[in-house]
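Pasting start_18.txt here (compact mmCIF, C-alpha atoms and all ligand atoms):
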# COMPACT_ATOMS: atom_id res chain seq x y z
CA MET A 223 -31.73 -13.88 5.62
CA SER A 224 -30.78 -17.39 6.65
CA GLY A 225 -28.69 -17.54 9.79
CA ALA A 226 -26.78 -20.63 8.58
CA SER A 227 -24.93 -18.83 5.80
CA LEU A 228 -24.56 -15.55 7.63
CA TYR A 229 -20.99 -14.41 8.13
CA ASP A 230 -20.18 -11.73 10.66
CA VAL A 231 -18.05 -10.02 8.03
CA ILE A 232 -17.30 -10.41 4.34
CA VAL A 233 -14.15 -8.75 3.03
CA VAL A 234 -14.41 -7.85 -0.66
CA GLY A 235 -10.86 -7.86 -2.05
CA ALA A 236 -8.27 -9.86 -0.10
CA GLY A 237 -5.13 -7.99 -1.17
CA SER A 238 -2.83 -5.82 0.94
CA ILE A 239 -5.50 -4.20 3.10
CA GLY A 240 -8.19 -6.88 2.87
CA MET A 241 -5.97 -9.83 3.83
CA SER A 242 -4.68 -7.92 6.85
CA ALA A 243 -8.24 -7.01 7.86
CA GLY A 244 -9.25 -10.65 7.38
CA TYR A 245 -6.58 -11.81 9.81
CA HIS A 246 -7.44 -9.19 12.43
CA LEU A 247 -11.18 -9.97 12.13
CA ALA A 248 -10.72 -13.73 12.44
CA ALA A 249 -8.29 -13.27 15.33
CA ARG A 250 -11.07 -11.39 17.14
CA GLY A 251 -13.29 -14.43 16.73
CA LEU A 252 -15.49 -13.00 13.98
CA ARG A 253 -16.83 -15.40 11.35
CA THR A 254 -15.04 -13.97 8.33
CA LEU A 255 -15.22 -14.67 4.61
CA LEU A 256 -12.57 -13.18 2.34
CA ILE A 257 -13.45 -13.00 -1.36
CA ASP A 258 -10.96 -12.21 -4.11
CA ALA A 259 -11.16 -12.19 -7.88
CA PHE A 260 -7.64 -13.71 -8.03
CA ASP A 261 -5.56 -15.95 -5.74
CA PRO A 262 -3.63 -13.53 -3.50
CA PRO A 263 -0.83 -12.69 -3.48
CA HIS A 264 -1.06 -12.26 -7.24
CA THR A 265 0.33 -10.10 -10.04
CA GLY A 266 -2.91 -8.41 -11.10
CA GLY A 267 -3.22 -5.71 -8.44
CA SER A 268 -1.07 -3.31 -6.44
CA HIS A 269 1.00 -5.55 -4.16
CA HIS A 270 3.32 -7.50 -6.49
CA GLY A 271 6.87 -6.72 -7.58
CA GLU A 272 8.12 -6.56 -3.98
CA PRO A 273 9.57 -4.85 -2.04
CA ARG A 274 7.70 -1.73 -0.79
CA LEU A 275 9.21 1.15 1.17
CA ILE A 276 8.21 1.66 4.78
CA ARG A 277 9.05 5.16 6.01
CA HIS A 278 7.96 6.84 9.22
CA VAL A 279 8.85 10.51 8.57
CA TYR A 280 5.71 11.49 6.72
CA ASP A 281 4.32 14.84 5.69
CA GLY A 282 0.59 15.44 5.87
CA GLY A 283 0.29 15.22 9.66
CA ALA A 284 1.36 13.45 12.84
CA HIS A 285 -1.43 10.88 12.31
CA TYR A 286 0.51 9.43 9.37
CA VAL A 287 3.63 9.11 11.51
CA ARG A 288 1.66 7.36 14.28
CA LEU A 289 -0.06 5.08 11.78
CA ALA A 290 3.32 4.19 10.23
CA LEU A 291 4.77 3.38 13.67
CA ARG A 292 1.77 1.23 14.59
CA ALA A 293 2.01 -0.53 11.21
CA ASP A 294 5.71 -1.15 11.76
CA ALA A 295 5.01 -2.75 15.15
CA LEU A 296 2.34 -4.99 13.62
CA TRP A 297 4.66 -6.10 10.77
CA ARG A 298 7.21 -7.09 13.41
CA GLU A 299 4.51 -8.98 15.30
CA LEU A 300 3.63 -10.83 12.10
CA GLU A 301 7.31 -11.67 11.61
CA ASP A 302 7.52 -13.01 15.16
CA ARG A 303 4.40 -15.14 14.75
CA THR A 304 5.40 -16.59 11.38
CA GLY A 305 9.18 -16.70 11.82
CA GLU A 306 9.47 -15.17 8.37
CA LYS A 307 11.57 -12.20 7.25
CA LEU A 308 9.08 -9.58 6.08
CA LEU A 309 10.81 -6.28 6.88
CA GLU A 310 14.37 -5.23 6.10
CA ARG A 311 15.48 -2.20 8.07
CA SER A 312 17.84 -0.90 5.39
CA GLY A 313 17.35 2.80 6.13
CA VAL A 314 15.72 5.06 3.53
CA LEU A 315 17.40 8.04 1.90
CA ASN A 316 15.12 10.75 0.48
CA VAL A 317 16.76 13.18 -1.94
CA SER A 318 15.01 16.21 -3.30
CA ASP A 319 15.38 19.48 -5.18
CA PRO A 320 14.13 21.95 -2.53
CA ASP A 321 12.68 24.15 -5.29
CA VAL A 322 10.37 21.28 -6.23
CA HIS A 323 9.77 19.58 -2.90
CA SER A 324 10.92 20.55 0.58
CA PHE A 325 11.18 18.12 3.52
CA ASP A 326 10.61 20.91 6.03
CA GLY A 327 6.95 20.01 6.68
CA ARG A 328 7.92 16.55 7.94
CA PHE A 329 10.42 17.36 10.67
CA ALA A 330 8.06 18.64 13.36
CA TYR A 331 5.82 15.55 13.22
CA ALA A 332 8.77 13.17 13.23
CA ALA A 333 10.41 14.91 16.19
CA GLN A 334 7.08 14.94 18.04
CA GLU A 335 6.78 11.15 17.65
CA GLY A 336 10.44 10.44 18.42
CA VAL A 337 11.32 9.18 14.93
CA ARG A 338 15.05 9.37 14.18
CA TYR A 339 16.19 11.19 11.05
CA GLU A 340 19.18 13.10 9.71
CA THR A 341 19.32 15.95 7.23
CA LEU A 342 22.16 15.69 4.71
CA ASP A 343 23.54 17.97 2.02
CA ALA A 344 24.58 16.77 -1.42
CA LYS A 345 28.24 16.42 -0.46
CA GLU A 346 27.45 14.25 2.57
CA ILE A 347 25.15 12.01 0.52
CA SER A 348 27.87 11.34 -2.06
CA ARG A 349 30.43 10.82 0.71
CA ARG A 350 28.34 8.13 2.44
CA TRP A 351 26.97 6.48 -0.69
CA SER A 352 29.41 7.08 -3.52
CA GLY A 353 27.04 5.54 -6.08
CA TRP A 354 24.85 8.66 -5.86
CA THR A 355 25.31 11.75 -8.06
CA VAL A 356 23.42 14.60 -6.43
CA PRO A 357 23.26 18.20 -7.70
CA ASP A 358 24.80 20.62 -5.18
CA HIS A 359 21.59 22.39 -4.24
CA PHE A 360 19.62 19.16 -3.52
CA SER A 361 18.99 18.14 0.07
CA GLY A 362 18.66 14.78 1.78
CA LEU A 363 16.61 13.27 4.58
CA TYR A 364 17.85 9.95 5.91
CA GLU A 365 15.72 7.66 8.09
CA PRO A 366 17.94 5.00 9.67
CA ASP A 367 15.00 2.96 11.05
CA ALA A 368 13.03 2.86 7.80
CA GLY A 369 13.38 0.11 5.22
CA TYR A 370 11.35 -2.13 2.99
CA LEU A 371 8.69 -4.82 3.22
CA PHE A 372 8.50 -7.95 1.10
CA SER A 373 4.93 -7.21 0.08
CA GLU A 374 3.97 -10.51 -1.53
CA ARG A 375 5.42 -12.40 1.44
CA CYS A 376 3.42 -10.11 3.76
CA VAL A 377 0.13 -10.84 1.96
CA ALA A 378 0.93 -14.57 1.94
CA ALA A 379 1.76 -14.46 5.66
CA TYR A 380 -1.50 -12.69 6.53
CA ARG A 381 -3.36 -15.21 4.36
CA ARG A 382 -1.92 -18.15 6.28
CA GLU A 383 -2.55 -16.45 9.62
CA ALA A 384 -6.12 -15.50 8.65
CA LEU A 385 -6.95 -19.08 7.63
CA ALA A 386 -5.29 -20.44 10.77
CA ALA A 387 -7.43 -18.08 12.84
CA GLY A 388 -10.57 -19.50 11.18
CA ALA A 389 -11.26 -17.15 8.25
CA GLU A 390 -12.56 -18.64 4.99
CA LEU A 391 -11.14 -17.53 1.64
CA LEU A 392 -12.88 -17.73 -1.69
CA THR A 393 -10.39 -17.16 -4.53
CA ASP A 394 -11.03 -16.58 -8.24
CA THR A 395 -14.43 -15.18 -7.38
CA ALA A 396 -15.50 -11.73 -8.55
CA VAL A 397 -17.81 -9.70 -6.38
CA LEU A 398 -20.45 -8.10 -8.58
CA GLY A 399 -22.36 -5.97 -6.09
CA ILE A 400 -23.57 -5.49 -2.53
CA GLU A 401 -27.19 -5.04 -1.49
CA ALA A 402 -28.95 -4.28 1.77
CA ARG A 403 -31.37 -7.06 2.72
CA LYS A 404 -33.61 -7.52 5.69
CA GLY A 405 -31.32 -8.53 8.55
CA GLY A 406 -27.99 -7.92 6.82
CA LEU A 407 -26.13 -7.53 3.56
CA ALA A 408 -26.00 -9.67 0.42
CA VAL A 409 -22.74 -9.92 -1.50
CA LYS A 410 -23.35 -11.04 -5.07
CA THR A 411 -20.49 -12.90 -6.71
CA SER A 412 -19.65 -14.93 -9.80
CA ARG A 413 -20.27 -18.00 -7.57
CA GLY A 414 -23.55 -16.99 -6.04
CA GLU A 415 -24.67 -14.88 -3.16
CA PHE A 416 -23.24 -14.68 0.38
CA ALA A 417 -24.73 -13.02 3.42
CA ALA A 418 -23.08 -11.04 6.19
CA GLY A 419 -23.85 -8.60 8.93
CA LYS A 420 -20.98 -6.30 7.89
CA VAL A 421 -18.89 -5.86 4.75
CA ILE A 422 -15.47 -4.30 4.23
CA VAL A 423 -14.66 -3.29 0.65
CA SER A 424 -10.93 -3.10 -0.12
CA ALA A 425 -11.00 -3.53 -3.89
CA GLY A 426 -7.80 -1.67 -4.79
CA ALA A 427 -7.77 -0.63 -8.45
CA TRP A 428 -11.19 -2.23 -9.15
CA PHE A 429 -13.57 -0.05 -7.16
CA LYS A 430 -15.16 1.04 -10.42
CA SER A 431 -16.25 -2.54 -11.12
CA LEU A 432 -18.45 -2.38 -8.01
CA GLU A 433 -20.57 0.53 -9.22
CA PRO A 434 -23.37 1.28 -8.56
CA SER A 435 -23.10 -0.49 -5.15
CA VAL A 436 -19.98 1.50 -4.30
CA LYS A 437 -19.11 4.76 -5.96
CA LEU A 438 -15.72 6.23 -5.07
CA PRO A 439 -13.65 8.78 -6.99
CA ILE A 440 -10.74 6.37 -7.46
CA ARG A 441 -8.71 6.52 -10.66
CA ALA A 442 -6.47 3.56 -11.49
CA VAL A 443 -3.22 4.06 -13.39
CA ARG A 444 -0.65 1.67 -14.83
CA LYS A 445 2.77 1.92 -13.17
CA VAL A 446 5.99 0.20 -14.16
CA VAL A 447 9.07 -0.82 -12.22
CA GLY A 448 12.37 -2.17 -13.51
CA TRP A 449 15.35 -4.04 -12.05
CA PHE A 450 18.70 -2.97 -13.52
CA GLU A 451 22.08 -4.63 -13.32
CA ALA A 452 24.31 -2.60 -11.02
CA ASP A 453 27.73 -2.53 -9.42
CA GLU A 454 26.95 -4.65 -6.34
CA ARG A 455 29.65 -3.01 -4.21
CA LEU A 456 27.99 0.41 -4.53
CA TYR A 457 24.35 -0.53 -4.99
CA GLY A 458 23.94 -3.85 -3.21
CA ALA A 459 21.73 -4.47 -0.16
CA GLY A 460 23.76 -3.97 2.98
CA HIS A 461 25.27 -0.80 1.56
CA LEU A 462 22.66 1.21 -0.36
CA PRO A 463 19.50 2.11 1.58
CA GLY A 464 16.03 2.25 0.05
CA PHE A 465 15.52 5.63 -1.60
CA THR A 466 13.24 8.26 -3.06
CA PHE A 467 14.30 11.20 -5.17
CA GLY A 468 12.49 14.08 -6.75
CA GLY A 469 13.46 16.86 -9.09
CA PRO A 470 12.14 18.73 -12.10
CA SER A 471 12.09 15.49 -14.15
CA GLY A 472 9.77 13.63 -11.76
CA GLY A 473 9.59 11.66 -8.52
CA TYR A 474 11.19 8.21 -8.25
CA TYR A 475 11.74 5.55 -5.59
CA GLY A 476 13.80 2.43 -5.40
CA PHE A 477 15.73 -0.26 -3.61
CA PRO A 478 19.24 -1.67 -3.51
CA SER A 479 20.04 -4.80 -5.44
CA ILE A 480 18.76 -7.59 -3.18
CA GLY A 481 20.56 -10.88 -3.70
CA GLY A 482 21.88 -9.67 -7.06
CA ALA A 483 18.36 -9.01 -8.42
CA GLY A 484 19.41 -5.54 -9.63
CA VAL A 485 18.51 -2.05 -8.43
CA LYS A 486 14.73 -1.69 -8.53
CA ILE A 487 13.37 1.69 -9.59
CA GLY A 488 9.88 3.06 -10.23
CA ARG A 489 8.34 6.43 -10.94
CA HIS A 490 5.76 7.76 -8.49
CA ASP A 491 4.12 10.49 -10.59
CA GLY A 492 2.33 9.96 -13.92
CA GLY A 493 1.12 6.67 -15.38
CA ARG A 494 -1.37 5.65 -18.07
CA PRO A 495 -5.03 5.51 -17.01
CA TRP A 496 -6.55 2.02 -16.76
CA GLN A 497 -10.07 0.83 -15.99
CA PRO A 498 -11.42 -2.58 -14.96
CA GLY A 499 -12.33 -4.52 -18.10
CA GLU A 500 -9.64 -2.88 -20.21
CA ARG A 501 -6.55 -4.72 -21.43
CA PHE A 502 -3.61 -4.20 -19.08
CA GLU A 503 -0.34 -3.87 -20.97
CA PRO A 504 2.72 -5.67 -19.56
CA PHE A 505 6.07 -3.99 -18.85
CA GLY A 506 7.81 -3.01 -22.08
CA ALA A 507 4.63 -2.41 -24.08
CA TYR A 508 5.65 1.25 -24.38
CA PRO A 509 9.20 2.47 -25.12
CA GLU A 510 9.06 4.91 -22.19
CA ASP A 511 8.61 2.03 -19.71
CA GLU A 512 12.32 1.35 -19.73
CA ALA A 513 13.61 4.66 -21.13
CA ASP A 514 12.14 6.78 -18.36
CA LEU A 515 13.59 4.65 -15.54
CA ARG A 516 16.94 4.43 -17.29
CA ALA A 517 17.12 8.23 -17.67
CA ALA A 518 16.51 8.70 -13.93
CA LEU A 519 19.21 6.16 -13.04
CA ARG A 520 21.66 7.85 -15.40
CA GLU A 521 21.06 11.17 -13.63
CA PHE A 522 21.23 10.05 -9.99
CA LEU A 523 22.61 6.49 -9.74
CA PRO A 524 24.77 6.19 -12.85
CA GLY A 525 26.48 2.91 -11.90
CA ALA A 526 23.08 1.24 -11.65
CA GLU A 527 22.09 1.84 -15.25
CA GLY A 528 23.10 -1.59 -16.46
CA ARG A 529 21.17 -4.24 -18.36
CA LEU A 530 17.44 -4.45 -17.66
CA LEU A 531 17.07 -7.71 -15.72
CA HIS A 532 13.34 -7.68 -15.14
CA GLY A 533 10.31 -5.40 -15.42
CA ALA A 534 6.78 -5.43 -14.03
CA ALA A 535 3.57 -3.45 -14.48
CA CYS A 536 1.39 -2.76 -11.47
CA LYS A 537 -1.59 -0.53 -10.58
CA TYR A 538 -1.91 2.57 -8.43
CA GLU A 539 -5.41 3.46 -7.24
CA LEU A 540 -5.45 7.22 -6.89
CA SER A 541 -7.82 9.24 -4.75
CA PRO A 542 -8.41 12.86 -5.80
CA ASP A 543 -5.90 14.21 -3.24
CA ASP A 544 -3.63 11.17 -2.64
CA GLN A 545 -5.16 10.80 0.85
CA PHE A 546 -6.64 7.46 1.81
CA ILE A 547 -10.38 6.87 1.71
CA ILE A 548 -11.37 5.01 4.87
CA ASP A 549 -14.98 5.48 5.74
CA ALA A 550 -18.47 4.10 6.20
CA HIS A 551 -20.57 3.69 3.05
CA PRO A 552 -22.89 6.70 2.89
CA GLU A 553 -25.97 4.65 1.94
CA LEU A 554 -25.37 1.01 2.86
CA PRO A 555 -25.32 0.63 6.66
CA GLY A 556 -22.71 -1.88 7.80
CA VAL A 557 -20.37 -1.38 4.84
CA LEU A 558 -16.89 0.07 5.36
CA LEU A 559 -14.80 1.30 2.43
CA ALA A 560 -10.99 1.34 2.31
CA GLY A 561 -9.38 2.48 -0.93
CA GLY A 562 -7.47 5.14 -2.80
CA PHE A 563 -4.12 4.18 -1.28
CA SER A 564 -2.50 6.27 -4.00
CA GLY A 565 0.83 4.50 -4.34
CA HIS A 566 1.83 4.75 -0.68
CA GLY A 567 -0.54 2.46 1.19
CA PHE A 568 1.29 -0.83 1.55
CA LYS A 569 3.39 0.12 4.57
CA PHE A 570 0.16 0.93 6.47
CA ALA A 571 -1.76 -2.23 5.53
CA SER A 572 -1.13 -4.01 8.83
CA ALA A 573 -2.44 -1.09 10.92
CA ILE A 574 -5.32 -0.23 8.60
CA GLY A 575 -6.46 -3.88 8.67
CA GLU A 576 -6.38 -3.76 12.45
CA ALA A 577 -8.32 -0.49 12.56
CA LEU A 578 -10.94 -1.78 10.11
CA SER A 579 -11.45 -4.89 12.21
CA GLU A 580 -11.90 -2.83 15.40
CA TRP A 581 -14.32 -0.51 13.65
CA THR A 582 -16.28 -3.42 12.16
CA GLN A 583 -16.57 -5.24 15.46
CA SER A 584 -17.52 -2.29 17.61
CA GLY A 585 -19.53 -0.31 15.06
CA ILE A 586 -17.72 2.81 16.10
CA PRO A 587 -14.46 4.25 14.85
CA PRO A 588 -11.69 2.40 16.62
CA ALA A 589 -9.83 3.42 19.71
CA ARG A 590 -6.54 2.51 18.08
CA PRO A 591 -4.81 3.74 16.05
CA PHE A 592 -7.44 6.29 15.13
CA ALA A 593 -7.89 7.67 18.61
CA VAL A 594 -4.15 7.95 18.86
CA LEU A 595 -4.44 9.99 15.73
CA ALA A 596 -6.68 12.50 17.45
CA LEU A 597 -10.05 12.24 15.77
CA PRO A 598 -11.35 13.27 13.35
CA PHE A 599 -8.99 11.12 11.31
CA PRO A 600 -8.17 13.37 8.40
CA VAL A 601 -7.49 10.67 5.83
CA GLY A 602 -11.20 9.89 5.51
CA TYR A 603 -13.01 10.98 2.41
CA ARG A 604 -14.46 14.37 3.16
CA SER A 605 -17.64 14.12 1.19
CA PHE A 606 -18.62 11.04 3.21
CA ASN A 607 -18.58 12.98 6.46
CA PRO A 608 -15.79 10.77 7.68
CA ILE A 609 -15.04 8.88 10.82
CA ARG A 610 -17.68 10.07 13.24
CA ARG A 611 -20.29 7.94 11.50
CA SER A 612 -20.99 4.68 13.27
CA PHE A 613 -22.93 1.72 11.97
C1 LIG A 701 4.65 -0.24 -8.43
C2 LIG A 701 4.12 0.09 -7.07
C3 LIG A 701 5.00 0.50 -6.08
C4 LIG A 701 4.53 0.84 -4.81
N1 LIG A 701 5.41 1.21 -3.85
C5 LIG A 701 4.97 1.41 -2.58
C6 LIG A 701 5.89 1.64 -1.53
O1 LIG A 701 7.11 1.68 -1.76
N2 LIG A 701 5.41 1.80 -0.27
C7 LIG A 701 4.07 1.76 0.01
O2 LIG A 701 3.69 1.91 1.17
N3 LIG A 701 3.16 1.54 -0.98
C8 LIG A 701 3.59 1.36 -2.25
N4 LIG A 701 2.70 1.10 -3.26
C9 LIG A 701 1.27 1.17 -2.98
C10 LIG A 701 0.71 -0.07 -2.33
O3 LIG A 701 1.27 -1.24 -2.89
C11 LIG A 701 -0.80 -0.02 -2.50
O4 LIG A 701 -1.27 1.21 -1.93
C12 LIG A 701 -1.48 -1.17 -1.78
O5 LIG A 701 -0.97 -2.41 -2.24
C13 LIG A 701 -2.99 -1.09 -2.07
O6 LIG A 701 -3.61 -2.14 -1.37
P1 LIG A 701 -5.10 -2.58 -1.75
O7 LIG A 701 -5.47 -3.62 -0.78
O8 LIG A 701 -5.94 -1.36 -1.90
O9 LIG A 701 -4.95 -3.20 -3.23
P2 LIG A 701 -4.55 -4.70 -3.65
O10 LIG A 701 -3.42 -5.21 -2.84
O11 LIG A 701 -4.39 -4.70 -5.14
O12 LIG A 701 -5.82 -5.54 -3.24
C14 LIG A 701 -7.07 -5.36 -3.86
C15 LIG A 701 -7.66 -6.75 -4.02
O13 LIG A 701 -9.03 -6.62 -4.34
C16 LIG A 701 -9.35 -7.66 -5.24
N5 LIG A 701 -10.58 -7.24 -5.92
C17 LIG A 701 -10.82 -6.08 -6.53
N6 LIG A 701 -12.08 -6.01 -7.01
C18 LIG A 701 -12.65 -7.18 -6.68
C19 LIG A 701 -13.95 -7.73 -6.90
N7 LIG A 701 -14.90 -7.04 -7.55
N8 LIG A 701 -14.20 -8.97 -6.45
C20 LIG A 701 -13.26 -9.68 -5.78
N9 LIG A 701 -12.00 -9.20 -5.55
C21 LIG A 701 -11.71 -7.98 -5.99
C22 LIG A 701 -8.14 -7.75 -6.14
O14 LIG A 701 -8.04 -9.00 -6.81
C23 LIG A 701 -7.02 -7.53 -5.14
O15 LIG A 701 -6.50 -8.75 -4.65
C24 LIG A 701 3.14 0.76 -4.54
C25 LIG A 701 2.25 0.35 -5.54
C26 LIG A 701 2.73 0.00 -6.79
C27 LIG A 701 1.77 -0.46 -7.85

Whole structure given in C-alpha cells:
Amino acid sequence: MSGASLYDVIVVGAGSIGMSAGYHLAARGLRTLLIDAFDPPHTGGSHHGEPRLIRHVYDGGAHYVRLALRADALWRELEDRTGEKLLERSGVLNVSDPDVHSFDGRFAYAAQEGVRYETLDAKEISRRWSGWTVPDHFSGLYEPDAGYLFSERCVAAYRREALAAGAELLTDTAVLGIEARKGGLAVKTSRGEFAAGKVIVSAGAWFKSLEPSVKLPIRAVRKVVGWFEADERLYGAGHLPGFTFGGPSGGYYGFPSIGGAGVKIGRHDGGRPWQPGERFEPFGAYPEDEADLRAALREFLPGAEGRLLHGAACKYELSPDDQFIIDAHPELPGVLLAGGFSGHGFKFASAIGEALSEWTQSGIPPARPFAVLALPFPVGYRSFNPIRRSF
C-alpha cells in the first residue's frame, strides 16, 4: 500500500464514540482520518435530542462505576479546554417499583468507589420534589453529583478539538467495507478507498451496513422522546433533577424543563425494529409515540403533562445483553470494534474514546481505564474472546 495515503488510524463513524476517539488519537499525535456518513453532530443517529443522563451509581459491576467516573473527569476536561458548558450537575433521581427492579445491586459498587448517593422512600421523594406522584411502596435512589450532558454540544466540541489536534474529517461519506491488504487495511467508501494501519469501527445503529466486513449481533430500534409543557416552578431546571423511573408499565427517563423547553421524557424499553436502508419514521408517525409518554407523565409527573412542544425519533443500537461490545475484530488484525451501546453509552463516550485510542496506539488493551477496571473487562463481547487479544 502506498505510504503517502496511509493514515495511522481511520475511524469509521464519527458520532459519540468515534468523535471522542478521533480527538484522543489525534492528541496522541496519530495521523487520524474520521469518516462519517453524515455531518456530525446530526439527527440521523443516537446522539441528537440532547441532553443525556450521566449517572455514576451503576449496576453490573464496579468497572461501570469507574468508567463513569473517568468519563465524568474527561467531560470536565473538555469543558475546561473549550470553555463550553457541556455537563449540568443537576442530580439524578431514580424511582422504582422494588418488585420490578431493585437498586440493591448498585450500592456496594458505589460505596466502594466513593460515589455519593441517598436512598429515599416515596414520602421523602414527594416532600423534596412535590411535582412527583410516587406509589407508597416505590423506592428512590438519588445521586447528587450526577446530571446531564448536552450530547450534541459534546460531539461538536470533540469535533473541533479533534480537527485542532490535526485529525481529518470526511463527512457525508459512507464506508462500504474494510479489507486486509498487504501492509495495512483498506477502507472502501462512497468516495474511494483510504488506507490505514489500524481501524476503529464505531458505527452506532449501522453496523449491519458493514457486513460482511464486520458482523456484530447489534439490533437497532427506533426510540422517541417528547418535550411537554410543564409547571416551571415544579419541573424547571434548578429544581427538578434528571430522573429515571420504572414500574410494571415500563422504564422511563427524563429531564427538567431547561430554559422553558418543557420536560423531556423517553422510554427505555421497547421500540420498533429498524435496519439500515429502511425508511425511518419521524416522531408522531405512530399514535403511541406521544400517548405512551403522556401516560407515564400522568402517572408520575402529572403537572408535566401539558402540551407537546417538540418530539424527536432517535436510534438505540442494542447488543444481545445490553452490555457494550468493545473488542478486536476476530478476523481482521488491526480493527477494533465499539458498538452495542444499548441506550446507555453516551455518558461513557469520553472515556471509551480515550481507551480506544490507547488500545489502538499500543496494540494492547489499555492501562486506563481498563486496567483500573481489573481485567478482563467484562463489557467485551464474549464470543470474541474479549480484551486479552492484542493486535
Ligand atoms: C433517545 C435516546 C436517549 C438516550 N439517552 C441516554 C442517556 O440518557 N444517557 C446515556 O448515557 N446514553 C443515552 N443514550 C444512548 C447514547 O446516546 C448512545 O449509546 C450513543 O450515542 C451511541 O454512540 P455511537 O457512537 O455508537 O452512535 P452514534 O453517535 O450514532 O455514532 C455513530 C456514527 O456512525 C456513523 N456511521 C454509521 N455507519 C457508517 C458508515 N457505514 N459509514 C460512515 N459513517 C457511518 C453515523 O453517521 C454516526 O454518526 C440515548 C440514546 C437515545 C437514542

Could you check which of A:Glu500, A:Val421, A:Ala284, A:Arg494 is closest to Gln334 of chain A, using only C-alpha atoms? A:Ala284

Computed interatomic separation between atom CA of Ser564 of chain A and atom N4 of ligand LIG 701 (chain A) (Å):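 Separation of atom CA of Ser564 of chain A and atom N4 of ligand LIG 701 (chain A): 7.4 Å.
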
Selection as a PyMOL selection string: residues within 6 Å of ligand LIG 701 (chain A) by all atoms listed in the file: chain A and resi 234-240+257-260+262+267-269+274-276+395-398+424-426+428+431-432+445-447+536-538+561+563-569

Produce a file of the selected residues containing C-alpha atoms, as a PDB file, in the coordinates of the input.
ATOM      1  CA  VAL A 234     -14.410  -7.850  -0.660  1.00  0.00           C
ATOM      2  CA  GLY A 235     -10.860  -7.860  -2.050  1.00  0.00           C
ATOM      3  CA  ALA A 236      -8.270  -9.860  -0.100  1.00  0.00           C
ATOM      4  CA  GLY A 237      -5.130  -7.990  -1.170  1.00  0.00           C
ATOM      5  CA  SER A 238      -2.830  -5.820   0.940  1.00  0.00           C
ATOM      6  CA  ILE A 239      -5.500  -4.200   3.100  1.00  0.00           C
ATOM      7  CA  GLY A 240      -8.190  -6.880   2.870  1.00  0.00           C
ATOM      8  CA  ILE A 257     -13.450 -13.000  -1.360  1.00  0.00           C
ATOM      9  CA  ASP A 258     -10.960 -12.210  -4.110  1.00  0.00           C
ATOM     10  CA  ALA A 259     -11.160 -12.190  -7.880  1.00  0.00           C
ATOM     11  CA  PHE A 260      -7.640 -13.710  -8.030  1.00  0.00           C
ATOM     12  CA  PRO A 262      -3.630 -13.530  -3.500  1.00  0.00           C
ATOM     13  CA  GLY A 267      -3.220  -5.710  -8.440  1.00  0.00           C
ATOM     14  CA  SER A 268      -1.070  -3.310  -6.440  1.00  0.00           C
ATOM     15  CA  HIS A 269       1.000  -5.550  -4.160  1.00  0.00           C
ATOM     16  CA  ARG A 274       7.700  -1.730  -0.790  1.00  0.00           C
ATOM     17  CA  LEU A 275       9.210   1.150   1.170  1.00  0.00           C
ATOM     18  CA  ILE A 276       8.210   1.660   4.780  1.00  0.00           C
ATOM     19  CA  THR A 395     -14.430 -15.180  -7.380  1.00  0.00           C
ATOM     20  CA  ALA A 396     -15.500 -11.730  -8.550  1.00  0.00           C
ATOM     21  CA  VAL A 397     -17.810  -9.700  -6.380  1.00  0.00           C
ATOM     22  CA  LEU A 398     -20.450  -8.100  -8.580  1.00  0.00           C
ATOM     23  CA  SER A 424     -10.930  -3.100  -0.120  1.00  0.00           C
ATOM     24  CA  ALA A 425     -11.000  -3.530  -3.890  1.00  0.00           C
ATOM     25  CA  GLY A 426      -7.800  -1.670  -4.790  1.00  0.00           C
ATOM     26  CA  TRP A 428     -11.190  -2.230  -9.150  1.00  0.00           C
ATOM     27  CA  SER A 431     -16.250  -2.540 -11.120  1.00  0.00           C
ATOM     28  CA  LEU A 432     -18.450  -2.380  -8.010  1.00  0.00           C
ATOM     29  CA  LYS A 445       2.770   1.920 -13.170  1.00  0.00           C
ATOM     30  CA  VAL A 446       5.990   0.200 -14.160  1.00  0.00           C
ATOM     31  CA  VAL A 447       9.070  -0.820 -12.220  1.00  0.00           C
ATOM     32  CA  CYS A 536       1.390  -2.760 -11.470  1.00  0.00           C
ATOM     33  CA  LYS A 537      -1.590  -0.530 -10.580  1.00  0.00           C
ATOM     34  CA  TYR A 538      -1.910   2.570  -8.430  1.00  0.00           C
ATOM     35  CA  GLY A 561      -9.380   2.480  -0.930  1.00  0.00           C
ATOM     36  CA  PHE A 563      -4.120   4.180  -1.280  1.00  0.00           C
ATOM     37  CA  SER A 564      -2.500   6.270  -4.000  1.00  0.00           C
ATOM     38  CA  GLY A 565       0.830   4.500  -4.340  1.00  0.00           C
ATOM     39  CA  HIS A 566       1.830   4.750  -0.680  1.00  0.00           C
ATOM     40  CA  GLY A 567      -0.540   2.460   1.190  1.00  0.00           C
ATOM     41  CA  PHE A 568       1.290  -0.830   1.550  1.00  0.00           C
ATOM     42  CA  LYS A 569       3.390   0.120   4.570  1.00  0.00           C
TER      43      LYS A 569
END

Env of Ala378 of chain A: 8 Å cut, atoms = only C-alpha atoms, seq-sep filter 3 positions within chain, self excluded. Answer as a PDB file with C-alpha atoms, in the coordinates of the input.
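As written to disk, around06.pdb reads:
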ATOM      1  CA  PRO A 262      -3.630 -13.530  -3.500  1.00  0.00           C
ATOM      2  CA  PRO A 263      -0.830 -12.690  -3.480  1.00  0.00           C
ATOM      3  CA  GLU A 374       3.970 -10.510  -1.530  1.00  0.00           C
ATOM      4  CA  ARG A 375       5.420 -12.400   1.440  1.00  0.00           C
ATOM      5  CA  ARG A 381      -3.360 -15.210   4.360  1.00  0.00           C
ATOM      6  CA  ARG A 382      -1.920 -18.150   6.280  1.00  0.00           C
TER       7      ARG A 382
END

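For the set A:Gly448, A:Gly481, A:Gly464, A:Gly528, the residue with the smallest atom-to-atom gap to Asp514 of chain A is A:Gly448, counting all atoms listed in the file.
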
Please give the centre and size of the box around segment 537-544 of chain A (axis-aligned, containing every atom listed in the file, 6 Å added per side), with values in Å to one decimal and written as JSON.
{"center_x": -5.0, "center_y": 6.8, "center_z": -6.6, "size_x": 18.8, "size_y": 26.7, "size_z": 19.9}

How far is it from atom CA of Arg444 of chain A to atom CA of Gly492 of chain A, in Å with one decimal?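 Between atom CA of Arg444 of chain A and atom CA of Gly492 of chain A the gap is 8.9 Å.
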